[in-house]
$ cat work-v7.txt   # compact mmCIF, C-alpha atoms
# COMPACT_ATOMS: atom_id res chain seq x y z
CA MET A 248 -217.08 72.28 -30.41
CA SER A 249 -216.17 68.62 -30.87
CA ASP A 250 -217.67 66.46 -33.57
CA ARG A 251 -220.69 64.43 -32.58
CA ILE A 252 -220.26 60.68 -32.26
CA GLN A 253 -222.66 60.00 -35.12
CA GLU A 254 -220.71 62.31 -37.42
CA ILE A 255 -217.41 60.60 -36.60
CA TYR A 256 -218.92 57.15 -37.13
CA GLU A 257 -220.53 58.10 -40.44
CA ALA A 258 -217.30 59.72 -41.67
CA ARG A 259 -215.45 56.47 -41.05
CA VAL A 260 -218.11 54.51 -42.87
CA GLU A 261 -217.77 56.96 -45.75
CA ASP A 262 -213.99 56.58 -45.97
CA GLY A 263 -214.24 52.80 -45.78
CA SER A 264 -212.50 52.31 -42.43
CA LEU A 265 -215.76 51.05 -40.92
CA THR A 266 -218.66 49.01 -42.25
CA ALA A 267 -222.08 50.44 -41.42
CA ASP A 268 -223.74 48.29 -38.77
CA PRO A 269 -227.30 49.08 -37.54
CA ALA A 270 -226.59 47.50 -34.15
CA GLN A 271 -223.58 49.75 -33.62
CA HIS A 272 -225.46 52.79 -34.89
CA ALA A 273 -228.22 52.18 -32.33
CA VAL A 274 -225.90 52.84 -29.38
CA LEU A 275 -224.39 56.06 -30.76
CA PRO A 276 -227.09 58.35 -29.24
CA VAL A 277 -226.30 57.03 -25.75
CA LEU A 278 -222.59 57.70 -26.26
CA GLU A 279 -223.37 61.13 -27.68
CA GLN A 280 -225.41 62.08 -24.62
CA ILE A 281 -222.40 61.34 -22.42
CA ARG A 282 -219.96 63.08 -24.77
CA SER A 283 -222.07 66.24 -24.94
CA TYR A 284 -222.23 66.43 -21.13
CA PHE A 285 -218.45 66.77 -21.01
CA GLU A 286 -218.57 69.40 -23.74
CA THR A 287 -220.56 71.72 -21.48
CA LYS A 288 -219.13 70.77 -18.09
CA PRO A 289 -215.54 71.39 -16.87
CA GLY A 290 -213.54 68.22 -16.67
CA LYS A 291 -212.35 68.68 -13.08
CA LYS A 292 -213.95 70.22 -10.06
CA GLY A 293 -212.70 73.75 -9.52
CA MET A 294 -212.23 75.57 -6.22
CA PHE A 295 -215.55 77.37 -6.57
CA GLY A 296 -217.36 74.71 -8.57
CA GLY A 297 -220.99 74.49 -7.53
CA LEU A 298 -220.77 77.58 -5.26
CA PHE A 299 -222.94 79.90 -7.36
CA ALA A 300 -224.89 77.46 -9.47
CA LYS A 301 -225.93 73.88 -9.10
CA PRO A 302 -223.80 71.80 -11.50
CA PRO A 303 -225.69 69.72 -14.03
CA GLU A 304 -226.50 66.17 -13.03
CA PRO A 305 -224.16 63.72 -14.75
CA PRO A 306 -225.83 61.42 -17.26
CA LYS A 307 -226.17 57.72 -16.72
CA GLY A 308 -223.13 55.73 -17.75
CA LEU A 309 -223.20 52.88 -20.24
CA TYR A 310 -222.81 49.13 -19.82
CA LEU A 311 -222.28 47.85 -23.36
CA TRP A 312 -222.37 44.09 -23.62
CA GLY A 313 -222.43 41.57 -26.43
CA GLY A 314 -220.60 38.76 -28.15
CA VAL A 315 -216.96 38.73 -29.09
CA GLY A 316 -215.93 40.80 -32.12
CA ARG A 317 -219.14 42.84 -32.40
CA GLY A 318 -217.39 46.21 -32.22
CA LYS A 319 -217.62 47.10 -28.53
CA SER A 320 -213.95 48.11 -28.25
CA MET A 321 -214.08 49.99 -31.55
CA LEU A 322 -217.02 52.04 -30.28
CA MET A 323 -215.16 52.67 -27.03
CA ASP A 324 -212.13 53.89 -29.02
CA LEU A 325 -214.31 56.24 -31.04
CA PHE A 326 -216.15 57.54 -27.96
CA PHE A 327 -213.10 57.97 -25.73
CA GLY A 328 -211.23 59.94 -28.38
CA ALA A 329 -214.20 62.26 -28.90
CA VAL A 330 -214.88 63.18 -25.25
CA PRO A 331 -213.52 66.73 -24.74
CA THR A 332 -211.91 66.43 -21.31
CA ASP A 333 -208.50 65.55 -19.94
CA ALA A 334 -210.12 64.13 -16.80
CA LYS A 335 -210.82 60.79 -18.41
CA ARG A 336 -209.20 57.39 -18.20
CA ARG A 337 -209.53 54.14 -20.11
CA VAL A 338 -208.24 50.96 -18.48
CA HIS A 339 -208.79 47.20 -18.55
CA PHE A 340 -211.10 46.26 -15.68
CA HIS A 341 -208.72 43.62 -14.29
CA ALA A 342 -205.85 46.12 -14.23
CA PHE A 343 -208.03 48.74 -12.52
CA MET A 344 -209.09 46.35 -9.78
CA GLN A 345 -205.45 45.40 -9.24
CA GLU A 346 -204.67 49.10 -8.68
CA ILE A 347 -207.53 49.35 -6.18
CA HIS A 348 -206.26 46.37 -4.19
CA SER A 349 -202.72 47.78 -4.22
CA GLY A 350 -203.99 51.15 -3.01
CA MET A 351 -205.97 49.49 -0.23
CA HIS A 352 -202.87 47.58 0.85
CA GLU A 353 -200.93 50.85 1.15
CA ALA A 354 -203.82 52.50 3.01
CA ARG A 355 -203.90 49.69 5.57
CA LYS A 356 -200.21 50.30 6.29
CA LYS A 357 -201.24 53.78 7.49
CA GLY A 358 -203.72 52.29 9.93
CA VAL A 359 -206.93 53.63 8.38
CA ASP A 360 -210.15 51.94 9.41
CA ASP A 361 -211.68 52.03 5.92
CA ALA A 362 -208.99 51.22 3.35
CA LEU A 363 -211.28 51.48 0.33
CA LYS A 364 -212.62 54.99 0.95
CA PRO A 365 -209.41 57.04 0.40
CA VAL A 366 -208.51 54.96 -2.67
CA ALA A 367 -211.93 55.42 -4.27
CA GLU A 368 -212.00 59.12 -3.39
CA LYS A 369 -208.64 59.64 -5.06
CA VAL A 370 -209.92 58.00 -8.25
CA ALA A 371 -212.99 60.26 -8.15
CA ALA A 372 -210.82 63.34 -7.61
CA ASP A 373 -208.62 62.53 -10.60
CA VAL A 374 -211.19 61.62 -13.26
CA ARG A 375 -214.70 62.51 -14.32
CA LEU A 376 -215.00 59.71 -16.88
CA LEU A 377 -213.87 56.12 -16.35
CA CYS A 378 -213.92 53.75 -19.32
CA PHE A 379 -213.41 50.06 -18.65
CA ASP A 380 -212.58 47.35 -21.16
CA GLU A 381 -213.93 43.86 -20.51
CA MET A 382 -215.74 44.08 -17.19
CA GLN A 383 -215.66 40.57 -15.75
CA ILE A 384 -215.68 39.59 -12.11
CA THR A 385 -214.36 36.16 -11.20
CA ASP A 386 -212.47 36.91 -7.98
CA ILE A 387 -214.29 37.01 -4.65
CA THR A 388 -212.07 39.83 -3.37
CA ASP A 389 -213.16 41.97 -6.34
CA ALA A 390 -216.78 40.94 -5.89
CA MET A 391 -216.84 41.97 -2.25
CA ILE A 392 -215.56 45.54 -2.80
CA VAL A 393 -216.74 46.53 -6.27
CA GLY A 394 -220.25 47.55 -5.16
CA ARG A 395 -219.07 50.04 -2.59
CA LEU A 396 -216.30 51.25 -4.88
CA PHE A 397 -218.83 52.15 -7.57
CA GLU A 398 -221.17 53.73 -5.03
CA ILE A 399 -218.41 56.16 -4.05
CA LEU A 400 -217.55 56.92 -7.68
CA PHE A 401 -221.17 57.49 -8.68
CA ALA A 402 -221.85 59.63 -5.60
CA ASP A 403 -218.95 61.88 -6.59
CA GLY A 404 -220.29 62.33 -10.13
CA VAL A 405 -217.93 60.01 -12.01
CA VAL A 406 -219.46 58.68 -15.23
CA VAL A 407 -218.63 55.06 -16.02
CA VAL A 408 -218.69 53.45 -19.46
CA THR A 409 -217.77 49.79 -19.74
CA THR A 410 -217.77 46.92 -22.21
CA SER A 411 -218.43 43.33 -21.27
CA ASN A 412 -219.13 39.97 -22.86
CA ARG A 413 -221.73 39.26 -20.18
CA VAL A 414 -225.15 40.67 -19.36
CA PRO A 415 -225.04 42.24 -15.85
CA ASP A 416 -227.12 39.44 -14.36
CA ASP A 417 -224.38 36.95 -15.35
CA LEU A 418 -221.54 38.81 -13.62
CA TYR A 419 -219.86 36.68 -10.95
CA LYS A 420 -222.24 33.88 -11.90
CA ASP A 421 -222.07 30.93 -9.48
CA GLY A 422 -219.49 32.84 -7.44
CA LEU A 423 -218.90 32.28 -3.74
CA ASN A 424 -221.29 34.34 -1.56
CA ARG A 425 -222.90 35.74 -4.71
CA ALA A 426 -225.91 37.02 -2.75
CA LEU A 427 -223.66 39.72 -1.33
CA PHE A 428 -222.79 40.77 -4.87
CA LEU A 429 -226.35 41.17 -6.20
CA PRO A 430 -226.81 44.78 -4.98
CA PHE A 431 -223.96 45.77 -7.33
CA ILE A 432 -225.90 44.38 -10.28
CA GLU A 433 -228.87 46.50 -9.27
CA LEU A 434 -226.59 49.54 -8.93
CA ILE A 435 -225.40 49.01 -12.52
CA LYS A 436 -228.99 48.92 -13.74
CA GLN A 437 -229.84 52.10 -11.83
CA ARG A 438 -226.82 54.20 -12.76
CA MET A 439 -225.93 52.91 -16.23
CA VAL A 440 -227.79 52.31 -19.47
CA VAL A 441 -227.52 48.58 -20.15
CA HIS A 442 -227.29 48.10 -23.93
CA HIS A 443 -226.97 44.80 -25.76
CA LEU A 444 -224.92 45.16 -28.93
CA GLN A 445 -226.76 42.59 -31.04
CA SER A 446 -224.73 42.72 -34.23
CA PRO A 447 -224.91 39.50 -36.29
CA THR A 448 -221.35 40.05 -37.53
CA ASP A 449 -218.22 38.93 -35.71
CA TYR A 450 -215.71 41.41 -37.14
CA ARG A 451 -212.76 39.87 -35.31
CA GLN A 452 -213.47 36.47 -36.87
CA ASP A 453 -213.86 38.14 -40.24
CA ARG A 454 -210.36 39.61 -39.89
CA LEU A 455 -208.98 36.13 -39.31
CA ALA A 456 -211.09 34.43 -41.98
CA GLY A 457 -208.82 32.69 -44.44
CA SER A 458 -205.74 33.44 -42.34
CA ASN A 459 -203.38 30.78 -41.12
CA VAL A 460 -203.45 30.76 -37.30
CA TYR A 461 -200.91 27.99 -36.61
CA PHE A 462 -197.37 28.55 -37.86
CA HIS A 463 -194.57 25.99 -37.90
CA PRO A 464 -191.71 25.98 -37.63
CA ALA A 465 -191.48 29.03 -35.38
CA ASN A 466 -189.01 30.89 -37.58
CA THR A 467 -188.59 34.39 -38.97
CA ASP A 468 -191.40 33.92 -41.51
CA ALA A 469 -193.77 32.82 -38.75
CA ARG A 470 -192.81 35.86 -36.70
CA LYS A 471 -193.50 38.22 -39.60
CA ALA A 472 -196.90 36.64 -40.26
CA ILE A 473 -197.87 36.88 -36.60
CA ASP A 474 -196.63 40.49 -36.43
CA ALA A 475 -198.98 41.32 -39.32
CA LEU A 476 -201.96 39.69 -37.58
CA TRP A 477 -201.08 41.44 -34.32
CA ILE A 478 -200.98 44.86 -35.99
CA ASP A 479 -204.29 44.17 -37.76
CA LEU A 480 -206.05 43.06 -34.57
CA THR A 481 -204.69 45.75 -32.26
CA GLY A 482 -204.12 48.70 -34.57
CA GLY A 483 -200.50 48.80 -33.45
CA ASP A 484 -201.25 50.16 -29.98
CA TRP A 485 -200.83 47.88 -26.96
CA GLY A 486 -199.43 47.52 -23.48
CA PRO A 487 -198.97 44.81 -20.86
CA LEU A 488 -201.87 43.31 -18.93
CA THR A 489 -201.32 42.09 -15.37
CA LEU A 490 -203.90 39.79 -13.79
CA MET A 491 -203.94 39.15 -10.07
CA VAL A 492 -204.85 35.56 -9.19
CA LYS A 493 -204.78 34.51 -5.54
CA GLY A 494 -202.06 37.04 -4.83
CA ARG A 495 -199.94 36.08 -7.85
CA GLU A 496 -199.23 38.23 -10.88
CA VAL A 497 -199.92 36.72 -14.29
CA VAL A 498 -198.44 39.04 -16.91
CA LEU A 499 -199.33 39.10 -20.59
CA SER A 500 -196.64 41.17 -22.27
CA GLY A 501 -198.93 42.52 -25.01
CA TYR A 502 -202.64 43.34 -24.75
CA ARG A 503 -205.24 45.46 -26.53
CA ASN A 504 -209.03 45.18 -26.78
CA GLY A 505 -209.28 41.55 -25.75
CA VAL A 506 -206.29 40.44 -27.86
CA ALA A 507 -203.18 39.26 -25.99
CA ARG A 508 -199.72 38.14 -27.04
CA ALA A 509 -197.23 36.10 -25.01
CA GLU A 510 -194.27 33.78 -25.37
CA PHE A 511 -194.70 30.11 -24.43
CA TRP A 512 -192.23 30.50 -21.56
CA GLU A 513 -194.12 33.47 -20.12
CA LEU A 514 -197.19 31.33 -19.52
CA CYS A 515 -195.86 27.78 -19.30
CA GLY A 516 -192.32 28.28 -17.99
CA ARG A 517 -193.56 29.72 -14.71
CA PRO A 518 -195.25 27.77 -11.89
CA LEU A 519 -198.80 28.70 -12.89
CA GLY A 520 -201.86 26.53 -12.39
CA PRO A 521 -205.48 26.06 -13.52
CA ALA A 522 -206.75 29.19 -11.74
CA ASP A 523 -204.17 31.33 -13.54
CA TYR A 524 -205.05 29.93 -16.95
CA LEU A 525 -208.78 30.31 -16.27
CA ALA A 526 -208.13 33.98 -15.47
CA VAL A 527 -206.29 34.38 -18.79
CA ALA A 528 -209.14 32.68 -20.65
CA GLU A 529 -211.65 34.99 -18.96
CA ALA A 530 -209.63 38.13 -19.74
CA VAL A 531 -208.85 37.61 -23.43
CA ARG A 532 -210.78 36.62 -26.53
CA VAL A 533 -207.76 36.06 -28.80
CA LEU A 534 -204.40 34.77 -27.57
CA ILE A 535 -201.23 34.78 -29.67
CA LEU A 536 -198.86 32.21 -28.15
CA GLU A 537 -195.39 32.12 -29.67
CA ASP A 538 -192.49 29.69 -29.78
CA ILE A 539 -194.11 26.50 -28.49
CA PRO A 540 -191.20 24.03 -28.31
CA VAL A 541 -191.07 20.27 -28.79
CA LEU A 542 -192.25 18.80 -25.50
CA GLY A 543 -191.36 15.65 -23.61
CA ARG A 544 -189.75 14.26 -20.45
CA HIS A 545 -187.06 16.97 -20.54
CA ASN A 546 -189.66 19.70 -20.01
CA PHE A 547 -192.50 17.68 -18.51
CA ASN A 548 -193.72 20.40 -16.11
CA GLU A 549 -193.94 22.95 -18.92
CA ALA A 550 -195.80 20.39 -21.04
CA LYS A 551 -198.36 19.79 -18.28
CA ARG A 552 -198.94 23.52 -17.94
CA PHE A 553 -199.36 23.83 -21.70
CA VAL A 554 -202.04 21.12 -21.65
CA THR A 555 -203.85 22.94 -18.84
CA LEU A 556 -203.62 26.25 -20.69
CA ILE A 557 -205.03 24.79 -23.91
CA ASP A 558 -207.89 23.15 -21.97
CA ALA A 559 -208.79 26.53 -20.41
CA LEU A 560 -208.66 28.33 -23.76
CA TYR A 561 -210.66 25.59 -25.45
CA GLU A 562 -213.45 25.56 -22.87
CA ALA A 563 -213.70 29.37 -22.98
CA LYS A 564 -213.75 29.39 -26.82
CA VAL A 565 -210.72 31.69 -26.96
CA ARG A 566 -209.27 32.12 -30.45
CA LEU A 567 -205.67 30.86 -30.54
CA ILE A 568 -202.93 32.02 -32.91
CA ALA A 569 -199.71 30.10 -32.36
CA SER A 570 -196.20 29.48 -33.61
CA ALA A 571 -194.62 26.13 -32.76
CA ALA A 572 -191.62 23.96 -33.47
CA ASP A 573 -193.76 21.38 -35.28
CA LEU A 574 -197.27 20.19 -36.11
CA PRO A 575 -199.58 19.61 -33.11
CA GLU A 576 -199.24 15.83 -33.42
CA GLN A 577 -195.42 16.09 -33.40
CA LEU A 578 -195.03 18.36 -30.38
CA TYR A 579 -195.04 15.56 -27.79
CA VAL A 580 -193.92 12.20 -29.12
CA GLU A 581 -191.90 10.60 -26.30
CA GLY A 582 -192.12 10.09 -22.59
CA GLU A 583 -194.90 9.91 -20.02
CA GLY A 584 -198.02 11.76 -21.09
CA THR A 585 -197.91 11.13 -24.83
CA PHE A 586 -201.34 9.47 -24.77
CA GLU A 587 -202.90 12.34 -22.82
CA PHE A 588 -201.34 14.85 -25.20
CA GLU A 589 -203.29 13.38 -28.10
CA ARG A 590 -206.36 15.25 -26.85
CA THR A 591 -204.37 18.50 -26.71
CA ALA A 592 -203.14 17.97 -30.28
CA SER A 593 -206.71 17.32 -31.38
CA ARG A 594 -207.88 20.52 -29.71
CA LEU A 595 -205.08 22.50 -31.32
CA ARG A 596 -206.29 21.22 -34.68
CA GLU A 597 -209.92 22.06 -33.91
CA MET A 598 -209.00 25.56 -32.76
CA GLN A 599 -207.48 26.29 -36.17
CA ALA A 600 -210.90 26.07 -37.86
CA ALA A 601 -212.17 29.29 -39.43
CA ASP A 602 -215.40 29.17 -37.39
CA TRP A 603 -213.75 28.33 -34.06
CA GLY A 604 -215.15 30.36 -31.17
CA ARG A 605 -218.35 31.39 -32.91
$ encode --input "work-v7.txt" --output "structure tokens"
Amino acid sequence: MSDRIQEIYEARVEDGSLTADPAQHAVLPVLEQIRSYFETKPGKKGMFGGLFAKPPEPPKGLYLWGGVGRGKSMLMDLFFGAVPTDAKRRVHFHAFMQEIHSGMHEARKKGVDDALKPVAEKVAADVRLLCFDEMQITDITDAMIVGRLFEILFADGVVVVTTSNRVPDDLYKDGLNRALFLPFIELIKQRMVVHHLQSPTDYRQDRLAGSNVYFHPANTDARKAIDALWIDLTGGDWGPLTLMVKGREVVLSGYRNGVARAEFWELCGRPLGPADYLAVAEAVRVLILEDIPVLGRHNFNEAKRFVTLIDALYEAKVRLIASAADLPEQLYVEGEGTFEFERTASRLREMQAADWGR
């Protein structure tokens, strides 16, 4: 028999790896109810499953929302590791929806009338528990299919646990044709426990408190310092994150629990635009951007993209950790656009403040 969620949490508080938090503790019984269901029920449907006895009804899933750094991803880590089944999957919501769209594209090639149904049914056949990081819906193509996708998953007994920075009623807020999306919000409320993680402590900010977050010049020492912050914020376990924006792929080479890492040229050396940078700002809460060069007329297009990226991060209150060739005020000192860059330099300074993003 696996350890109960409360026992695991309290053991980590006891050994000092976690700080006791009443707001986090309050959600543990909901997670335990889901965990215990998988302890008594086989992970995958067998050939004779349900033939001689009615299988137990799956519990409601969990929609865990709250501010940045409150411990949502940590609780998901703890829960996912404790669930005793192999038929489980944890994935970033953006990446999952990209897979769904790709599967639908392949299904259409086969001439099926309903491209979503076989894709959703395959997901339901493969897993009993789906855990999503960072549920956010900003794309109309996602918004128009996600309701029916979840209906199929729920109907087939898949349990969904997700984290989000937004209350369900704010999903796809002000989106195009949002009225068509509202039934999905009601489906979430019916099939998932909606729990607000109201911790007063921003643990991610606390990790960065007192830390330098802007390193210049971008040399070996800067790289070592950023490596240390990256390990601390991610636990040393990460993978790439691919966002689909209007049919384009925006790839962040390193991602874990809302923290992303990319080179300047990955994000500003490619022909990306405001929509791409808004998608990045929506998907991450901390961005490590490395090797920002001196900018000017020789790399004017890259400089314009950098300005647009910083504006998107600034408006979304994303925490920025950066390495650069020079101080913000010295990054763009000649050529057209120097006056406009003064605002970007000012924002880079403001984003270094210890309380930025609170």
$ closest_residue --input "work-v7.txt" --among "A:Pro487, A:Gly501, A:Ala528, A:Asn459" --to "Ala601 in chain A" --atoms "all atoms listed in the file"
A:Asn459
$ atom_distance --input "work-v7.txt" --atom1 "CA of Glu353 in chain A" --atom2 "CA of Arg495 in chain A"
17.3 Å
$ atom_distance --input "work-v7.txt" --atom1 "CA of His341 in chain A" --atom2 "CA of His443 in chain A"
21.6 Å
$ residues_around --input "work-v7.txt" --residues "Gly328 in chain A" --least-positions-apart "6" --cutoff "12 Å" --atoms "only C-alpha atoms" --output "PyMOL selection string"
chain A and resi 249-252+255-256+278+282+321-322+335-337+378
$ closest_residue --input "work-v7.txt" --among "A:Leu519, A:Ile557, A:Leu363, A:Val580" --to "Arg544 in chain A" --atoms "all atoms listed in the file"
A:Val580
$ closest_residue --input "work-v7.txt" --among "A:Ala426, A:Ala592, A:Leu325, A:Asp474" --to "Arg259 in chain A" --atoms "all atoms listed in the file"
A:Leu325
$ residues_around --input "work-v7.txt" --residues "Ala563 in chain A" --least-positions-apart "3" --cutoff "9 Å" --atoms "only C-alpha atoms" --output "list in words"
Leu525, Ala528, Glu529, Arg532, Asp558, Ala559, Leu560 and Gly604 of chain A
$ closest_residue --input "work-v7.txt" --among "A:Pro464, A:Pro331, A:Pro430, A:Gly308" --to "Thr410 in chain A" --atoms "all atoms listed in the file"
A:Gly308
$ closest_residue --input "work-v7.txt" --among "A:Gly422, A:Gly263, A:Pro276, A:Pro269" --to "Val440 in chain A" --atoms "all atoms listed in the file"
A:Pro276
$ residues_around --input "work-v7.txt" --residues "range 397-399 of chain A" --least-positions-apart "4" --cutoff "9 Å" --atoms "all atoms listed in the file" --output "PDB file with C-alpha atoms, in the frame of the given file"
ATOM      1  CA  LYS A 364    -212.620  54.990   0.950  1.00  0.00           C
ATOM      2  CA  ALA A 367    -211.930  55.420  -4.270  1.00  0.00           C
ATOM      3  CA  GLU A 368    -212.000  59.120  -3.390  1.00  0.00           C
ATOM      4  CA  ALA A 371    -212.990  60.260  -8.150  1.00  0.00           C
ATOM      5  CA  ILE A 392    -215.560  45.540  -2.800  1.00  0.00           C
ATOM      6  CA  VAL A 393    -216.740  46.530  -6.270  1.00  0.00           C
ATOM      7  CA  ASP A 403    -218.950  61.880  -6.590  1.00  0.00           C
ATOM      8  CA  GLY A 404    -220.290  62.330 -10.130  1.00  0.00           C
ATOM      9  CA  VAL A 405    -217.930  60.010 -12.010  1.00  0.00           C
ATOM     10  CA  VAL A 407    -218.630  55.060 -16.020  1.00  0.00           C
ATOM     11  CA  PHE A 431    -223.960  45.770  -7.330  1.00  0.00           C
ATOM     12  CA  LEU A 434    -226.590  49.540  -8.930  1.00  0.00           C
ATOM     13  CA  ILE A 435    -225.400  49.010 -12.520  1.00  0.00           C
TER      14      ILE A 435
END
